[in-house]
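Report on one structure; see the data block that follows.
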Amino acid sequence: MRETVIQAVKYGVVGASNTLITAIVIWVMMKGFDCPDVVSNITGYVAGVLNSFIWNKQWTFQSSAGWMGSALRFGAVFGICYLLQLGLLIYVLNPYLPIDPYYNQLLAMGFYTVINFVFNKFYTFKS
């Protein structure tokens, strides 16, 4: 249990760094290189996902699983978790929770974070 709590805290630190890196890269692409929104967004998210994969593999979960297999599992887990949170947002939260839809987005993001941690701990980075 102690190990899982420590990993969850580390996962949160990595997540915060992902957000910062993504935002900085988007800003640099848009303001420094005058790139279009979509190009800037894609580039920023790629940087954030790469950061997440490397730090979670090496630091959060200290996984000895191979890089290629881990990367493929990481991508699959990202896609699955994203679709699950999107489904929760579209089919459950927005229709049945009569609050500002922005707050539903935040709830869905929290759901994504929890299930992504669980999938990464027990599947992606399992040694």
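Identifiers for the structure tokens are assigned positionally: chains receive A, B, ... in sequence, residues are indexed from 1 per chain, and ligands are indexed from 1 in the order shown.
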Excluding stretch 65-67 of chain A and residues on its chain fewer than 5 positions from it, collect all residues at most 7 Å away from it, counting only C-alpha atoms, and give them as a list in words.
-> Phe125, Lys126 and Ser127 of chain A
Output for the residues just chosen: C-alpha atoms as a short mmCIF file (atom, residue, chain, number, x, y, z; two decimals), in the first residue's frame:
data_model
loop_
_atom_site.label_atom_id
_atom_site.label_comp_id
_atom_site.auth_asym_id
_atom_site.auth_seq_id
_atom_site.Cartn_x
_atom_site.Cartn_y
_atom_site.Cartn_z
CA PHE A 125 4.90 -0.73 -16.57
CA LYS A 126 4.49 -4.13 -14.94
CA SER A 127 7.92 -5.74 -15.01
#
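Around A:Trp27, within 10 Å and counting only C-alpha atoms, the residues found are A:Ile21, A:Phe33, A:Asp34, A:Cys35, A:Asp37, A:Ser40, A:Asn41, A:Gly44, once anything fewer than 6 positions away on its own chain is removed.
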Name all residues at most 12 Å from A:Leu86 (count only C-alpha atoms; drop same-chain ones fewer than 6 positions away) and give them as a VMD selection string.
-> chain A and resid 79 to 80 92 to 94 104 to 112
Do you have the atom CA of A:Arg2-atom CA of A:Arg73 distance handy?
->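 Pair atom CA of A:Arg2 / atom CA of A:Arg73 returns 25.1 Å.
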